[in-house]
Amino acid sequence: GNIGDEGTVTLARALPCSLRSLDLSNNFVSDDGATALSAALLHLDALEALHLGSNAIGDVGALALACALPSCLRKLRLGGNSIGPDGAEAVVLAAPGEAEVHVTLSGERRARASHARACVRAAVRCLAFVRGREGSLMARLPRALAHRIYALVQQTSRDPAWLAGL
């Protein structure tokens, strides 16, 4: 059967640090499941392959995953999801240089402010988690990804108090 987001959350809590490959393709995993999985990725020091193709992951989930991709990752499959240009760019920029990344852009381009805010909200939550666990934000994220997240915030809102409401 398909585990969906609820199963992904449960599974993410139980993944062993020594896991080398994880395939959750075709399991109805959405942004919520991908965000839960991203917290687990920070502790998977041996993960070489992550397959999340043909699910319902969008930009929010892609940004959350991008914030937590392990440096040992060699293969990332995200094709067949609902990932737009921002999510795809974040994943590609965050993946280790040697990693083989497969991500296809969603046919539906969502440029609504509420969607962009949801993406930033997920990224900020993930970055706060990374900062708490790893010390330095820039030690964990490529500079280009940090700049892309900042640009998304700037593009979405000109109000500096907006981020406080996340």
# chains A, B, ... in the order shown; residues from 1 in each chain; ligands from 1
$ residues_around --residues "Asn27 of chain A" --least-positions-apart "4" --cutoff "9 Å" --atoms "only C-alpha atoms" --output "ChimeraX atom specification"
/A:1-5,8,52-56
$ write_last_selection --atoms "C-alpha atoms" --output "compact mmCIF listing (two decimals), in the first residue's frame"
# COMPACT_ATOMS: atom_id res chain seq x y z
CA GLY A 1 0.00 0.00 0.00
CA ASN A 2 0.83 3.68 -0.09
CA ILE A 3 2.02 5.18 3.17
CA GLY A 4 1.14 8.83 2.48
CA ASP A 5 2.20 11.69 4.73
CA THR A 8 6.17 9.11 6.08
CA LEU A 52 10.71 10.34 -4.00
CA GLY A 53 9.40 10.28 -7.56
CA SER A 54 5.74 10.25 -8.55
CA ASN A 55 4.37 11.74 -5.35
CA ALA A 56 2.66 15.07 -4.62
$ closest_atom_pairs --of "segment 10-87 of chain A" --to "segment 91-107 of chain A" --cutoff "9 Å" --atoms "only C-alpha atoms" --output "CSV"
residue,atom,partner,partner_atom,distance
A:Glu48,CA,A:Ala99,CA,8.8
A:Gly53,CA,A:Val103,CA,8.4
A:Gly58,CA,A:Ser106,CA,8.2
A:Ala62,CA,A:Val91,CA,6.3
A:Leu63,CA,A:Val91,CA,6.8
A:Leu65,CA,A:Val91,CA,7.2
A:Ala66,CA,A:Val91,CA,4.7
A:Cys67,CA,A:Ala94,CA,7.0
A:Ala68,CA,A:Ala94,CA,8.4
A:Leu69,CA,A:Ala95,CA,6.4
A:Pro70,CA,A:Pro96,CA,7.8
A:Ser71,CA,A:Pro96,CA,5.6
A:Cys72,CA,A:Pro96,CA,7.4
A:Leu73,CA,A:Ala99,CA,6.1
A:Arg74,CA,A:Ala99,CA,4.0
A:Lys75,CA,A:Glu100,CA,4.7
A:Leu76,CA,A:Val101,CA,4.8
A:Arg77,CA,A:His102,CA,4.8
A:Leu78,CA,A:Val103,CA,4.7
A:Gly79,CA,A:Val103,CA,4.5
A:Gly80,CA,A:Thr104,CA,6.4
A:Asn81,CA,A:Ser106,CA,6.8
A:Ser82,CA,A:Ser106,CA,4.6
A:Ile83,CA,A:Ser106,CA,5.2
A:Gly84,CA,A:Leu105,CA,5.1
A:Pro85,CA,A:Leu105,CA,6.4
A:Asp86,CA,A:Val91,CA,8.7
A:Gly87,CA,A:Val91,CA,6.2
$ atom_distance --atom1 "atom CA of Gly61 of chain A" --atom2 "atom CA of Gly33 of chain A"
7.7 Å
$ atom_distance --atom1 "atom CA of Ser18 of chain A" --atom2 "atom CA of Asp59 of chain A"
27.9 Å
$ select_by_dssp --residues "segment 8-83 of chain A" --states "alpha helix (DSSP H)" --output "compact mmCIF listing (two decimals) with C-alpha atoms, in the first residue's frame"
# COMPACT_ATOMS: atom_id res chain seq x y z
CA THR A 8 6.17 9.11 6.08
CA VAL A 9 6.15 11.04 9.36
CA THR A 10 6.18 7.77 11.34
CA LEU A 11 8.89 6.28 9.14
CA ALA A 12 11.05 9.43 9.34
CA ARG A 13 11.18 9.11 13.13
CA ALA A 14 12.46 5.54 12.92
CA ASP A 31 4.85 18.65 1.14
CA ASP A 32 3.99 17.66 4.72
CA GLY A 33 5.65 14.28 4.36
CA ALA A 34 8.69 15.74 2.60
CA THR A 35 9.08 18.36 5.35
CA ALA A 36 8.95 15.65 8.04
CA LEU A 37 11.46 13.59 6.07
CA SER A 38 13.82 16.58 5.80
CA ALA A 39 14.27 16.64 9.59
CA ALA A 40 15.33 12.98 9.46
CA LEU A 41 17.74 13.62 6.58
CA ASP A 59 7.96 23.70 -3.88
CA VAL A 60 7.37 23.69 -0.12
CA GLY A 61 8.57 20.10 0.22
CA ALA A 62 11.42 20.62 -2.23
CA LEU A 63 12.72 23.60 -0.25
CA ALA A 64 12.50 21.62 2.98
CA LEU A 65 14.43 18.74 1.40
CA ALA A 66 17.00 21.13 -0.07
$ residues_around --residues "Cys17 of chain A" --least-positions-apart "3" --cutoff "7 Å" --atoms "only C-alpha atoms" --output "list in words"
His43, Leu44, Asp45 and Ala46 of chain A
$ write_last_selection --atoms "N, CA, C and O atoms" --output "PDB file, in the first residue's frame"
ATOM      1  N   HIS A  43      20.145  13.575   9.960  1.00  0.00           N
ATOM      2  CA  HIS A  43      20.832  12.568  10.771  1.00  0.00           C
ATOM      3  C   HIS A  43      21.233  11.331   9.976  1.00  0.00           C
ATOM      4  O   HIS A  43      21.790  10.402  10.541  1.00  0.00           O
ATOM      5  N   LEU A  44      20.949  11.320   8.686  1.00  0.00           N
ATOM      6  CA  LEU A  44      21.272  10.157   7.860  1.00  0.00           C
ATOM      7  C   LEU A  44      22.632  10.361   7.203  1.00  0.00           C
ATOM      8  O   LEU A  44      22.734  10.803   6.058  1.00  0.00           O
ATOM      9  N   ASP A  45      23.663  10.025   7.927  1.00  0.00           N
ATOM     10  CA  ASP A  45      25.037  10.295   7.496  1.00  0.00           C
ATOM     11  C   ASP A  45      25.551   9.369   6.402  1.00  0.00           C
ATOM     12  O   ASP A  45      26.634   9.596   5.867  1.00  0.00           O
ATOM     13  N   ALA A  46      24.806   8.300   6.086  1.00  0.00           N
ATOM     14  CA  ALA A  46      25.266   7.350   5.073  1.00  0.00           C
ATOM     15  C   ALA A  46      24.350   7.301   3.849  1.00  0.00           C
ATOM     16  O   ALA A  46      24.594   6.519   2.939  1.00  0.00           O
TER      17      ALA A  46
END
